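Presented below is the structure to which this report refers.
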Amino acid sequence: MKKANLKTTAIPKLFLSYFLPSLIAMLALSTYSTIDGIFVGKKLGENALAAIGIAWPIFPILIAFELLFSVGAAAMASYFLGRGKAFRARIVFSSVFYFALSTSIIGGIALYFYSDSIALLLGSSETLLPLVRQYTEVIYLGAFIIVLHPMLDIFAINDKQPVLAMVAMIVGSVANIVFNYFFLFVFELGIASSALATLLGHGIGMCILLQHFLRKKGDLYLIRAFDIYALLGATKNGIPQSSSEISVSLMMLIFNHTIEGISGDRGLAIYSVLMYVGIIPFTILLSMAQGVQPIASFNYGAKLMERVRGIFNFGLVFSFLGGISLYLLSFICAPFLVMWFLPDDIVLRDMNLVEETQNAMKLYFLGYILLGVNIVSAIFFQSIQRTLSSFIITFAYTLFFALCFVMILPKIYGFNGVILSYPLGILCATFVAFGIVVYESRCGILKKN
């Protein structure tokens, strides 16, 4: 791929050159969890689907650990590349990679020995506990793969290799589909084999990306260096996006417990379907933000602030229009999307479950209309090292307002109150993001001199 000139190429063209490969790569990444849900739901039934839905918060926690270092480090590396300091960028990359590899191996082993306690903490009932444990134990032992794969993907994008990142994700995703089919439907190995298929898919994608850095084919590659200050700097800059994943995990944990108290395992099955279908629009919106990040970081390092403001404005408009389109599409396709995840005989056994899931989806997905505006704003400010502004926006749209609503609305509206808490939380968070953008435009980093 011919490397784009981040200083001179027109912003719409430059954005699309990052957004489209990132979109394909992220959609491929999203299929890991989605495919698990489809195959497990079809083969093993709604209890197994509810079990992996309960286990879902584990993935945001692992991703949060990865983002704590990778997003901040990638922005720093891109910043140094923009200033012509490639060696310093390699030090940042190497330090973060070595630390994430060692700590994720140790952490995964520790989690394995507490799998039962963690499953109960996540909201598992005694009925679902064996299924949750079987699935999560495999994930814990391969946690380092789940951490390193998206980390290397982010660095490949910032090394001006979005197509390589896309190819790695697609190959890994296809492998995950193949492994899931054979493990579940041909060999009938049970719910743990779906987790194993996920790890194998991620592992293949990770190896494709790793060879790029080991063979020194770009500006970024691994060197024998470790700088604690580079690690700390990356951590500070990565706090907003890491806190985003932790907040998502905490919100899901609270939603799981609240739904369990109101609707039991049936409600958890409905919520699991919402989570799995919701991966797709969330991934598309996140890809829009990732199309903004490397362009903003590089031009910020090059002190081209007019282009920094230009890519931010473009990203806001693009994500808002995208959010509207995604909601309309999900509203129309809800009947088809729900049936992907439920057993074929569910209509005969429990037609109400299908209808209730469709209605819940139409309410819950209202949040995606404005979600992209919040994600783009948070990642943009993180990419230009405005950590506090990014953190406030992130905390607002991922946890704070949704948590406030979920403490009140279920007492009045029951299960629907839980579902409505999410879109109402996003709406309130958007006002916070707007306020920060106004402040930064008048007094902060976006102010025109």
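Here's how to read the names in the structure tokens: chain A, B, ... by the order shown, residue numbers from 1 in each chain, ligand numbers from 1 in the order shown.
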Within 9 Å of Leu285 (chain A), counting only C-alpha atoms, which residues qualify if same-chain residues fewer than 3 places away don't, as a ChimeraX atom specification? /A:23,280-282,288-290,319,322-323,368,371-373,375-376
Can I get the selection written as a PDB file, in the first residue's frame, with N, CA, C and O atoms?
```
ATOM      1  N   LEU A  23     -12.807  -0.087   9.325  1.00  0.00           N
ATOM      2  CA  LEU A  23     -14.169  -0.604   9.433  1.00  0.00           C
ATOM      3  C   LEU A  23     -14.214  -2.095   9.132  1.00  0.00           C
ATOM      4  O   LEU A  23     -14.805  -2.877   9.891  1.00  0.00           O
ATOM      5  N   ILE A 280     -22.288  -4.761  16.167  1.00  0.00           N
ATOM      6  CA  ILE A 280     -22.109  -4.314  14.785  1.00  0.00           C
ATOM      7  C   ILE A 280     -22.182  -2.796  14.664  1.00  0.00           C
ATOM      8  O   ILE A 280     -21.234  -2.164  14.164  1.00  0.00           O
ATOM      9  N   PRO A 281     -23.267  -2.131  15.125  1.00  0.00           N
ATOM     10  CA  PRO A 281     -23.280  -0.662  15.023  1.00  0.00           C
ATOM     11  C   PRO A 281     -22.211  -0.001  15.881  1.00  0.00           C
ATOM     12  O   PRO A 281     -21.629   1.014  15.468  1.00  0.00           O
ATOM     13  N   PHE A 282     -21.931  -0.570  17.050  1.00  0.00           N
ATOM     14  CA  PHE A 282     -20.876   0.003  17.886  1.00  0.00           C
ATOM     15  C   PHE A 282     -19.533  -0.045  17.169  1.00  0.00           C
ATOM     16  O   PHE A 282     -18.760   0.920  17.201  1.00  0.00           O
ATOM     17  N   MET A 288     -15.170   4.828  12.865  1.00  0.00           N
ATOM     18  CA  MET A 288     -15.152   6.231  12.463  1.00  0.00           C
ATOM     19  C   MET A 288     -14.188   7.023  13.338  1.00  0.00           C
ATOM     20  O   MET A 288     -13.412   7.858  12.843  1.00  0.00           O
ATOM     21  N   ALA A 289     -14.223   6.759  14.633  1.00  0.00           N
ATOM     22  CA  ALA A 289     -13.310   7.444  15.556  1.00  0.00           C
ATOM     23  C   ALA A 289     -11.860   7.046  15.291  1.00  0.00           C
ATOM     24  O   ALA A 289     -10.952   7.883  15.360  1.00  0.00           O
ATOM     25  N   GLN A 290     -11.640   5.777  14.960  1.00  0.00           N
ATOM     26  CA  GLN A 290     -10.281   5.333  14.679  1.00  0.00           C
ATOM     27  C   GLN A 290      -9.772   5.887  13.348  1.00  0.00           C
ATOM     28  O   GLN A 290      -8.564   5.961  13.140  1.00  0.00           O
ATOM     29  N   SER A 319     -19.997  10.828  11.886  1.00  0.00           N
ATOM     30  CA  SER A 319     -20.475   9.879  12.897  1.00  0.00           C
ATOM     31  C   SER A 319     -21.946  10.113  13.237  1.00  0.00           C
ATOM     32  O   SER A 319     -22.684   9.162  13.513  1.00  0.00           O
ATOM     33  N   GLY A 322     -23.926   8.737  10.407  1.00  0.00           N
ATOM     34  CA  GLY A 322     -23.802   7.287  10.485  1.00  0.00           C
ATOM     35  C   GLY A 322     -24.686   6.702  11.573  1.00  0.00           C
ATOM     36  O   GLY A 322     -25.293   5.639  11.393  1.00  0.00           O
ATOM     37  N   GLY A 323     -24.773   7.378  12.731  1.00  0.00           N
ATOM     38  CA  GLY A 323     -25.606   6.901  13.823  1.00  0.00           C
ATOM     39  C   GLY A 323     -27.080   6.855  13.446  1.00  0.00           C
ATOM     40  O   GLY A 323     -27.792   5.884  13.774  1.00  0.00           O
ATOM     41  N   TYR A 368     -27.545   4.563  19.842  1.00  0.00           N
ATOM     42  CA  TYR A 368     -26.513   4.583  18.807  1.00  0.00           C
ATOM     43  C   TYR A 368     -26.599   5.805  17.905  1.00  0.00           C
ATOM     44  O   TYR A 368     -25.645   6.099  17.175  1.00  0.00           O
ATOM     45  N   LEU A 371     -24.233   7.997  19.878  1.00  0.00           N
ATOM     46  CA  LEU A 371     -23.040   7.359  20.447  1.00  0.00           C
ATOM     47  C   LEU A 371     -21.779   7.722  19.672  1.00  0.00           C
ATOM     48  O   LEU A 371     -20.724   7.986  20.263  1.00  0.00           O
ATOM     49  N   GLY A 372     -21.852   7.755  18.341  1.00  0.00           N
ATOM     50  CA  GLY A 372     -20.678   8.046  17.523  1.00  0.00           C
ATOM     51  C   GLY A 372     -20.098   9.412  17.805  1.00  0.00           C
ATOM     52  O   GLY A 372     -18.869   9.585  17.825  1.00  0.00           O
ATOM     53  N   VAL A 373     -20.954  10.407  18.044  1.00  0.00           N
ATOM     54  CA  VAL A 373     -20.483  11.757  18.371  1.00  0.00           C
ATOM     55  C   VAL A 373     -19.651  11.726  19.647  1.00  0.00           C
ATOM     56  O   VAL A 373     -18.595  12.376  19.740  1.00  0.00           O
ATOM     57  N   ILE A 375     -18.052   9.026  20.972  1.00  0.00           N
ATOM     58  CA  ILE A 375     -16.819   8.249  20.779  1.00  0.00           C
ATOM     59  C   ILE A 375     -15.789   9.058  20.013  1.00  0.00           C
ATOM     60  O   ILE A 375     -14.599   9.094  20.375  1.00  0.00           O
ATOM     61  N   VAL A 376     -16.217   9.706  18.929  1.00  0.00           N
ATOM     62  CA  VAL A 376     -15.289  10.522  18.139  1.00  0.00           C
ATOM     63  C   VAL A 376     -14.695  11.633  18.990  1.00  0.00           C
ATOM     64  O   VAL A 376     -13.484  11.887  18.952  1.00  0.00           O
TER      65      VAL A 376
END
```
Do you know which residues are at most 12 Å from Ile393 (chain A) counting only C-alpha atoms, after dropping those on the same chain fewer than 4 positions away, and could you put them as a JSON list (two decimals) with all heavy atoms, in the first residue's frame?
```
[["chain", "number", "residue", "atom", "x", "y", "z"],
["A", 240, "PRO", "N", -8.36, 7.45, 29.37],
["A", 240, "PRO", "CA", -9.75, 7.65, 28.94],
["A", 240, "PRO", "C", -10.35, 6.44, 28.24],
["A", 240, "PRO", "O", -11.46, 6.01, 28.58],
["A", 240, "PRO", "CB", -9.66, 8.86, 28.00],
["A", 240, "PRO", "CG", -8.46, 9.61, 28.48],
["A", 240, "PRO", "CD", -7.48, 8.57, 28.90],
["A", 241, "GLN", "N", -9.65, 5.88, 27.25],
["A", 241, "GLN", "CA", -10.23, 4.76, 26.51],
["A", 241, "GLN", "C", -10.22, 3.47, 27.33],
["A", 241, "GLN", "O", -11.11, 2.63, 27.17],
["A", 241, "GLN", "CB", -9.48, 4.56, 25.19],
["A", 241, "GLN", "CG", -9.68, 5.69, 24.21],
["A", 241, "GLN", "CD", -11.13, 6.07, 24.07],
["A", 241, "GLN", "OE1", -11.98, 5.23, 23.79],
["A", 241, "GLN", "NE2", -11.45, 7.34, 24.28],
["A", 243, "SER", "N", -10.62, 3.43, 30.61],
["A", 243, "SER", "CA", -11.75, 3.61, 31.53],
["A", 243, "SER", "C", -13.07, 3.39, 30.82],
["A", 243, "SER", "O", -14.06, 2.97, 31.43],
["A", 243, "SER", "CB", -11.70, 5.00, 32.16],
["A", 243, "SER", "OG", -11.91, 6.01, 31.18],
["A", 244, "SER", "N", -13.08, 3.66, 29.50],
["A", 244, "SER", "CA", -14.28, 3.41, 28.72],
["A", 244, "SER", "C", -14.66, 1.94, 28.77],
["A", 244, "SER", "O", -15.81, 1.58, 29.02],
["A", 244, "SER", "CB", -14.06, 3.85, 27.26],
["A", 244, "SER", "OG", -15.09, 3.38, 26.43],
["A", 371, "LEU", "N", -24.23, 8.00, 19.88],
["A", 371, "LEU", "CA", -23.04, 7.36, 20.45],
["A", 371, "LEU", "C", -21.78, 7.72, 19.67],
["A", 371, "LEU", "O", -20.72, 7.99, 20.26],
["A", 371, "LEU", "CB", -23.22, 5.84, 20.46],
["A", 371, "LEU", "CG", -22.03, 5.03, 20.98],
["A", 371, "LEU", "CD1", -21.72, 5.38, 22.43],
["A", 371, "LEU", "CD2", -22.29, 3.53, 20.83],
["A", 372, "GLY", "N", -21.85, 7.76, 18.34],
["A", 372, "GLY", "CA", -20.68, 8.05, 17.52],
["A", 372, "GLY", "C", -20.10, 9.41, 17.81],
["A", 372, "GLY", "O", -18.87, 9.59, 17.82],
["A", 373, "VAL", "N", -20.95, 10.41, 18.04],
["A", 373, "VAL", "CA", -20.48, 11.76, 18.37],
["A", 373, "VAL", "C", -19.65, 11.73, 19.65],
["A", 373, "VAL", "O", -18.60, 12.38, 19.74],
["A", 373, "VAL", "CB", -21.68, 12.72, 18.52],
["A", 373, "VAL", "CG1", -21.23, 14.07, 19.06],
["A", 373, "VAL", "CG2", -22.40, 12.87, 17.19],
["A", 374, "ASN", "N", -20.09, 10.95, 20.64],
["A", 374, "ASN", "CA", -19.36, 10.85, 21.90],
["A", 374, "ASN", "C", -18.04, 10.11, 21.73],
["A", 374, "ASN", "O", -17.00, 10.54, 22.27],
["A", 374, "ASN", "CB", -20.23, 10.13, 22.93],
["A", 374, "ASN", "CG", -21.38, 10.97, 23.44],
["A", 374, "ASN", "OD1", -21.25, 11.71, 24.40],
["A", 374, "ASN", "ND2", -22.53, 10.88, 22.78],
["A", 375, "ILE", "N", -18.05, 9.03, 20.97],
["A", 375, "ILE", "CA", -16.82, 8.25, 20.78],
["A", 375, "ILE", "C", -15.79, 9.06, 20.01],
["A", 375, "ILE", "O", -14.60, 9.09, 20.37],
["A", 375, "ILE", "CB", -17.11, 6.93, 20.05],
["A", 375, "ILE", "CG1", -18.05, 6.05, 20.87],
["A", 375, "ILE", "CG2", -15.81, 6.17, 19.77],
["A", 375, "ILE", "CD1", -18.44, 4.76, 20.17],
["A", 376, "VAL", "N", -16.22, 9.71, 18.93],
["A", 376, "VAL", "CA", -15.29, 10.52, 18.14],
["A", 376, "VAL", "C", -14.69, 11.63, 18.99],
["A", 376, "VAL", "O", -13.48, 11.89, 18.95],
["A", 376, "VAL", "CB", -16.00, 11.11, 16.90],
["A", 376, "VAL", "CG1", -15.15, 12.20, 16.25],
["A", 376, "VAL", "CG2", -16.28, 10.01, 15.88],
["A", 377, "SER", "N", -15.51, 12.30, 19.80],
["A", 377, "SER", "CA", -15.02, 13.38, 20.65],
["A", 377, "SER", "C", -14.00, 12.87, 21.66],
["A", 377, "SER", "O", -12.93, 13.47, 21.84],
["A", 377, "SER", "CB", -16.19, 14.05, 21.38],
["A", 377, "SER", "OG", -17.12, 14.60, 20.48],
["A", 378, "ALA", "N", -14.32, 11.75, 22.30],
["A", 378, "ALA", "CA", -13.42, 11.21, 23.32],
["A", 378, "ALA", "C", -12.08, 10.79, 22.72],
["A", 378, "ALA", "O", -11.01, 11.12, 23.24],
["A", 378, "ALA", "CB", -14.08, 10.03, 24.03],
["A", 379, "ILE", "N", -12.11, 10.05, 21.61],
["A", 379, "ILE", "CA", -10.87, 9.56, 21.01],
["A", 379, "ILE", "C", -10.08, 10.70, 20.38],
["A", 379, "ILE", "O", -8.84, 10.71, 20.40],
["A", 379, "ILE", "CB", -11.18, 8.45, 19.99],
["A", 379, "ILE", "CG1", -11.67, 7.20, 20.73],
["A", 379, "ILE", "CG2", -9.97, 8.13, 19.13],
["A", 379, "ILE", "CD1", -11.91, 6.01, 19.85],
["A", 380, "PHE", "N", -10.77, 11.69, 19.84],
["A", 380, "PHE", "CA", -10.07, 12.84, 19.27],
["A", 380, "PHE", "C", -9.26, 13.57, 20.35],
["A", 380, "PHE", "O", -8.07, 13.86, 20.16],
["A", 380, "PHE", "CB", -11.06, 13.81, 18.64],
["A", 380, "PHE", "CG", -10.45, 15.13, 18.27],
["A", 380, "PHE", "CD1", -9.65, 15.26, 17.15],
["A", 380, "PHE", "CD2", -10.64, 16.25, 19.07],
["A", 380, "PHE", "CE1", -9.05, 16.47, 16.82],
["A", 380, "PHE", "CE2", -10.06, 17.47, 18.76],
["A", 380, "PHE", "CZ", -9.27, 17.58, 17.63],
["A", 381, "PHE", "N", -9.88, 13.89, 21.47],
["A", 381, "PHE", "CA", -9.15, 14.61, 22.53],
["A", 381, "PHE", "C", -8.03, 13.75, 23.12],
["A", 381, "PHE", "O", -6.98, 14.27, 23.49],
["A", 381, "PHE", "CB", -10.13, 15.07, 23.61],
["A", 381, "PHE", "CG", -10.97, 16.24, 23.19],
["A", 381, "PHE", "CD1", -12.35, 16.15, 23.10],
["A", 381, "PHE", "CD2", -10.37, 17.46, 22.87],
["A", 381, "PHE", "CE1", -13.12, 17.22, 22.70],
["A", 381, "PHE", "CE2", -11.14, 18.55, 22.47],
["A", 381, "PHE", "CZ", -12.52, 18.43, 22.38],
["A", 382, "GLN", "N", -8.26, 12.46, 23.18],
["A", 382, "GLN", "CA", -7.18, 11.57, 23.63],
["A", 382, "GLN", "C", -6.01, 11.59, 22.64],
["A", 382, "GLN", "O", -4.85, 11.59, 23.02],
["A", 382, "GLN", "CB", -7.73, 10.15, 23.78],
["A", 382, "GLN", "CG", -6.69, 9.10, 24.15],
["A", 382, "GLN", "CD", -6.07, 8.47, 22.92],
["A", 382, "GLN", "OE1", -6.73, 8.30, 21.89],
["A", 382, "GLN", "NE2", -4.80, 8.16, 23.01],
["A", 386, "ARG", "N", -5.28, 15.57, 25.20],
["A", 386, "ARG", "CA", -6.16, 16.29, 26.13],
["A", 386, "ARG", "C", -6.88, 15.24, 26.97],
["A", 386, "ARG", "O", -8.06, 14.95, 26.81],
["A", 386, "ARG", "CB", -7.15, 17.18, 25.37],
["A", 386, "ARG", "CG", -6.47, 18.25, 24.54],
["A", 386, "ARG", "CD", -5.77, 19.29, 25.38],
["A", 386, "ARG", "NE", -6.73, 20.21, 26.00],
["A", 386, "ARG", "CZ", -6.36, 21.24, 26.74],
["A", 386, "ARG", "NH1", -5.08, 21.47, 26.98],
["A", 386, "ARG", "NH2", -7.27, 22.03, 27.27],
["A", 387, "THR", "N", -6.12, 14.65, 27.89],
["A", 387, "THR", "CA", -6.57, 13.47, 28.61],
["A", 387, "THR", "C", -7.80, 13.74, 29.46],
["A", 387, "THR", "O", -8.73, 12.93, 29.50],
["A", 387, "THR", "CB", -5.43, 12.94, 29.51],
["A", 387, "THR", "OG1", -4.27, 12.69, 28.69],
["A", 387, "THR", "CG2", -5.83, 11.66, 30.20],
["A", 388, "LEU", "N", -7.84, 14.86, 30.16],
["A", 388, "LEU", "CA", -8.96, 15.14, 31.05],
["A", 388, "LEU", "C", -10.26, 15.31, 30.26],
["A", 388, "LEU", "O", -11.30, 14.77, 30.65],
["A", 388, "LEU", "CB", -8.68, 16.39, 31.88],
["A", 388, "LEU", "CG", -9.79, 16.79, 32.87],
["A", 388, "LEU", "CD1", -10.05, 15.66, 33.86],
["A", 388, "LEU", "CD2", -9.41, 18.08, 33.61],
["A", 389, "SER", "N", -10.21, 16.07, 29.18],
["A", 389, "SER", "CA", -11.42, 16.24, 28.36],
["A", 389, "SER", "C", -11.92, 14.90, 27.83],
["A", 389, "SER", "O", -13.12, 14.61, 27.84],
["A", 389, "SER", "CB", -11.12, 17.19, 27.19],
["A", 389, "SER", "OG", -10.85, 18.50, 27.65],
["A", 397, "TYR", "N", -20.46, 9.01, 28.81],
["A", 397, "TYR", "CA", -21.26, 8.19, 27.88],
["A", 397, "TYR", "C", -21.20, 6.71, 28.17],
["A", 397, "TYR", "O", -22.08, 5.94, 27.74],
["A", 397, "TYR", "CB", -20.90, 8.50, 26.42],
["A", 397, "TYR", "CG", -19.72, 7.77, 25.83],
["A", 397, "TYR", "CD1", -19.82, 6.46, 25.39],
["A", 397, "TYR", "CD2", -18.48, 8.41, 25.67],
["A", 397, "TYR", "CE1", -18.73, 5.80, 24.84],
["A", 397, "TYR", "CE2", -17.40, 7.77, 25.11],
["A", 397, "TYR", "CZ", -17.53, 6.46, 24.69],
["A", 397, "TYR", "OH", -16.45, 5.81, 24.15],
["A", 398, "THR", "N", -20.20, 6.25, 28.88],
["A", 398, "THR", "CA", -20.10, 4.82, 29.14],
["A", 398, "THR", "C", -20.76, 4.38, 30.44],
["A", 398, "THR", "O", -21.25, 3.26, 30.55],
["A", 398, "THR", "CB", -18.63, 4.36, 29.20],
["A", 398, "THR", "OG1", -17.94, 5.15, 30.18],
["A", 398, "THR", "CG2", -17.96, 4.50, 27.84],
["A", 399, "LEU", "N", -20.81, 5.25, 31.44],
["A", 399, "LEU", "CA", -21.24, 4.77, 32.75],
["A", 399, "LEU", "C", -22.13, 5.73, 33.52],
["A", 399, "LEU", "O", -23.23, 5.36, 33.94],
["A", 399, "LEU", "CB", -20.02, 4.42, 33.60],
["A", 399, "LEU", "CG", -20.31, 3.87, 35.00],
["A", 399, "LEU", "CD1", -21.07, 2.55, 34.91],
["A", 399, "LEU", "CD2", -19.01, 3.69, 35.79],
["A", 400, "PHE", "N", -21.70, 6.97, 33.72],
["A", 400, "PHE", "CA", -22.29, 7.82, 34.74],
["A", 400, "PHE", "C", -23.80, 7.99, 34.58],
["A", 400, "PHE", "O", -24.58, 7.69, 35.49],
["A", 400, "PHE", "CB", -21.61, 9.20, 34.74],
["A", 400, "PHE", "CG", -22.19, 10.14, 35.76],
["A", 400, "PHE", "CD1", -21.91, 9.99, 37.11],
["A", 400, "PHE", "CD2", -23.04, 11.17, 35.37],
["A", 400, "PHE", "CE1", -22.45, 10.84, 38.06],
["A", 400, "PHE", "CE2", -23.58, 12.04, 36.30],
["A", 400, "PHE", "CZ", -23.28, 11.86, 37.66],
["A", 401, "PHE", "N", -24.23, 8.47, 33.42],
["A", 401, "PHE", "CA", -25.66, 8.76, 33.24],
["A", 401, "PHE", "C", -26.49, 7.48, 33.14],
["A", 401, "PHE", "O", -27.60, 7.40, 33.68],
["A", 401, "PHE", "CB", -25.87, 9.64, 32.01],
["A", 401, "PHE", "CG", -25.39, 11.05, 32.20],
["A", 401, "PHE", "CD1", -24.26, 11.51, 31.55],
["A", 401, "PHE", "CD2", -26.06, 11.91, 33.06],
["A", 401, "PHE", "CE1", -23.82, 12.81, 31.74],
["A", 401, "PHE", "CE2", -25.62, 13.21, 33.26],
["A", 401, "PHE", "CZ", -24.49, 13.66, 32.59],
["A", 425, "GLY", "N", -28.95, 7.76, 28.84],
["A", 425, "GLY", "CA", -27.60, 8.08, 29.30],
["A", 425, "GLY", "C", -26.75, 8.68, 28.20],
["A", 425, "GLY", "O", -26.00, 9.64, 28.42],
["A", 426, "ILE", "N", -26.86, 8.13, 26.98],
["A", 426, "ILE", "CA", -26.11, 8.66, 25.84],
["A", 426, "ILE", "C", -26.55, 10.08, 25.52],
["A", 426, "ILE", "O", -25.74, 10.96, 25.20],
["A", 426, "ILE", "CB", -26.29, 7.75, 24.61],
["A", 426, "ILE", "CG1", -25.68, 6.37, 24.86],
["A", 426, "ILE", "CG2", -25.66, 8.39, 23.38],
["A", 426, "ILE", "CD1", -24.19, 6.36, 25.05],
["A", 428, "CYS", "N", -27.80, 12.40, 27.55],
["A", 428, "CYS", "CA", -27.24, 13.33, 28.54],
["A", 428, "CYS", "C", -25.74, 13.51, 28.34],
["A", 428, "CYS", "O", -25.21, 14.63, 28.48],
["A", 428, "CYS", "CB", -27.53, 12.82, 29.96],
["A", 428, "CYS", "SG", -29.28, 12.84, 30.40],
["A", 429, "ALA", "N", -25.05, 12.43, 28.01],
["A", 429, "ALA", "CA", -23.59, 12.51, 27.80],
["A", 429, "ALA", "C", -23.26, 13.41, 26.61],
["A", 429, "ALA", "O", -22.21, 14.06, 26.60],
["A", 429, "ALA", "CB", -23.02, 11.11, 27.59],
["A", 430, "THR", "N", -24.12, 13.44, 25.62],
["A", 430, "THR", "CA", -23.87, 14.27, 24.44],
["A", 430, "THR", "C", -23.83, 15.74, 24.81],
["A", 430, "THR", "O", -23.03, 16.51, 24.25],
["A", 430, "THR", "CB", -24.95, 14.01, 23.37],
["A", 430, "THR", "OG1", -24.99, 12.62, 23.06],
["A", 430, "THR", "CG2", -24.66, 14.80, 22.10],
["A", 431, "PHE", "N", -24.67, 16.16, 25.76],
["A", 431, "PHE", "CA", -24.63, 17.56, 26.21],
["A", 431, "PHE", "C", -23.29, 17.86, 26.90],
["A", 431, "PHE", "O", -22.74, 18.95, 26.76],
["A", 431, "PHE", "CB", -25.79, 17.84, 27.17],
["A", 431, "PHE", "CG", -27.13, 17.89, 26.48],
["A", 431, "PHE", "CD1", -28.05, 16.87, 26.66],
["A", 431, "PHE", "CD2", -27.46, 18.95, 25.65],
["A", 431, "PHE", "CE1", -29.28, 16.92, 26.02],
["A", 431, "PHE", "CE2", -28.69, 19.01, 25.01],
["A", 431, "PHE", "CZ", -29.60, 17.98, 25.20],
["A", 432, "VAL", "N", -22.76, 16.88, 27.64],
["A", 432, "VAL", "CA", -21.45, 17.06, 28.27],
["A", 432, "VAL", "C", -20.37, 17.20, 27.21],
["A", 432, "VAL", "O", -19.51, 18.10, 27.29],
["A", 432, "VAL", "CB", -21.14, 15.86, 29.20],
["A", 432, "VAL", "CG1", -19.71, 15.95, 29.73],
["A", 432, "VAL", "CG2", -22.13, 15.81, 30.35],
["A", 433, "ALA", "N", -20.40, 16.34, 26.19],
["A", 433, "ALA", "CA", -19.41, 16.41, 25.11],
["A", 433, "ALA", "C", -19.49, 17.75, 24.39],
["A", 433, "ALA", "O", -18.45, 18.36, 24.07],
["A", 433, "ALA", "CB", -19.63, 15.26, 24.12],
["A", 434, "PHE", "N", -20.70, 18.21, 24.15],
["A", 434, "PHE", "CA", -20.88, 19.51, 23.48],
["A", 434, "PHE", "C", -20.27, 20.63, 24.32],
["A", 434, "PHE", "O", -19.60, 21.53, 23.78],
["A", 434, "PHE", "CB", -22.37, 19.77, 23.25],
["A", 434, "PHE", "CG", -22.66, 21.10, 22.61],
["A", 434, "PHE", "CD1", -22.42, 21.31, 21.26],
["A", 434, "PHE", "CD2", -23.18, 22.14, 23.36],
["A", 434, "PHE", "CE1", -22.68, 22.53, 20.67],
["A", 434, "PHE", "CE2", -23.44, 23.37, 22.79],
["A", 434, "PHE", "CZ", -23.19, 23.57, 21.44],
["A", 435, "GLY", "N", -20.50, 20.59, 25.62],
["A", 435, "GLY", "CA", -19.93, 21.62, 26.50],
["A", 435, "GLY", "C", -18.42, 21.64, 26.47],
["A", 435, "GLY", "O", -17.79, 22.72, 26.45],
["A", 436, "ILE", "N", -17.79, 20.45, 26.43],
["A", 436, "ILE", "CA", -16.33, 20.38, 26.40],
["A", 436, "ILE", "C", -15.80, 20.89, 25.06],
["A", 436, "ILE", "O", -14.77, 21.59, 25.01],
["A", 436, "ILE", "CB", -15.87, 18.94, 26.68],
["A", 436, "ILE", "CG1", -16.13, 18.61, 28.14],
["A", 436, "ILE", "CG2", -14.40, 18.75, 26.33],
["A", 436, "ILE", "CD1", -15.81, 17.19, 28.52],
["A", 437, "VAL", "N", -16.47, 20.55, 23.97],
["A", 437, "VAL", "CA", -16.05, 21.04, 22.66],
["A", 437, "VAL", "C", -16.12, 22.56, 22.61],
["A", 437, "VAL", "O", -15.20, 23.23, 22.09],
["A", 437, "VAL", "CB", -16.91, 20.42, 21.54],
["A", 437, "VAL", "CG1", -16.62, 21.10, 20.20],
["A", 437, "VAL", "CG2", -16.66, 18.92, 21.44]]
```
Using only C-alpha atoms, find each residue in region 79-104 of chain A having at least one atom no more than 10 Å away from region 55-72 of chain A; report its shortest atom-to-atom pair and that distance in Å (one decimal), rows by chain then rising number, as JSON lines.
```
{"residue": "A:Val92", "atom": "CA", "partner": "A:Ser70", "partner_atom": "CA", "distance": 9.6}
{"residue": "A:Phe93", "atom": "CA", "partner": "A:Ser70", "partner_atom": "CA", "distance": 8.2}
{"residue": "A:Ser95", "atom": "CA", "partner": "A:Phe69", "partner_atom": "CA", "distance": 9.6}
{"residue": "A:Val96", "atom": "CA", "partner": "A:Phe69", "partner_atom": "CA", "distance": 6.2}
{"residue": "A:Phe97", "atom": "CA", "partner": "A:Ser70", "partner_atom": "CA", "distance": 8.3}
{"residue": "A:Phe99", "atom": "CA", "partner": "A:Phe69", "partner_atom": "CA", "distance": 9.1}
{"residue": "A:Ala100", "atom": "CA", "partner": "A:Glu66", "partner_atom": "CA", "distance": 7.1}
{"residue": "A:Leu101", "atom": "CA", "partner": "A:Glu66", "partner_atom": "CA", "distance": 9.8}
{"residue": "A:Thr103", "atom": "CA", "partner": "A:Phe65", "partner_atom": "CA", "distance": 9.7}
{"residue": "A:Ser104", "atom": "CA", "partner": "A:Phe65", "partner_atom": "CA", "distance": 8.5}
```
Residues within 6 Å of Met166 (chain A), only C-alpha atoms, excluding chain neighbours under 3 positions, as a list in words: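 In the requested form, the answer reads Pro21, Ala25, Val163 and Met169 of chain A.
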Expected file: the selected residues, N, CA, C and O atoms, as an mmCIF file, in the first residue's frame:
```cif
data_model
loop_
_atom_site.group_PDB
_atom_site.id
_atom_site.type_symbol
_atom_site.label_atom_id
_atom_site.label_comp_id
_atom_site.auth_asym_id
_atom_site.auth_seq_id
_atom_site.Cartn_x
_atom_site.Cartn_y
_atom_site.Cartn_z
ATOM 1 N N PRO A 21 -10.563 0.609 5.729
ATOM 2 C CA PRO A 21 -9.856 -0.586 6.205
ATOM 3 C C PRO A 21 -10.114 -0.864 7.682
ATOM 4 O O PRO A 21 -10.248 -2.018 8.099
ATOM 5 N N ALA A 25 -11.746 -4.196 9.241
ATOM 6 C CA ALA A 25 -10.996 -4.905 10.278
ATOM 7 C C ALA A 25 -11.804 -5.016 11.563
ATOM 8 O O ALA A 25 -11.856 -6.082 12.193
ATOM 9 N N VAL A 163 -4.360 -1.473 5.718
ATOM 10 C CA VAL A 163 -4.767 -2.648 4.943
ATOM 11 C C VAL A 163 -4.257 -3.926 5.592
ATOM 12 O O VAL A 163 -4.965 -4.944 5.649
ATOM 13 N N MET A 169 -7.331 -9.050 10.578
ATOM 14 C CA MET A 169 -8.616 -9.232 11.234
ATOM 15 C C MET A 169 -9.531 -10.157 10.433
ATOM 16 O O MET A 169 -10.215 -11.019 10.993
#
```
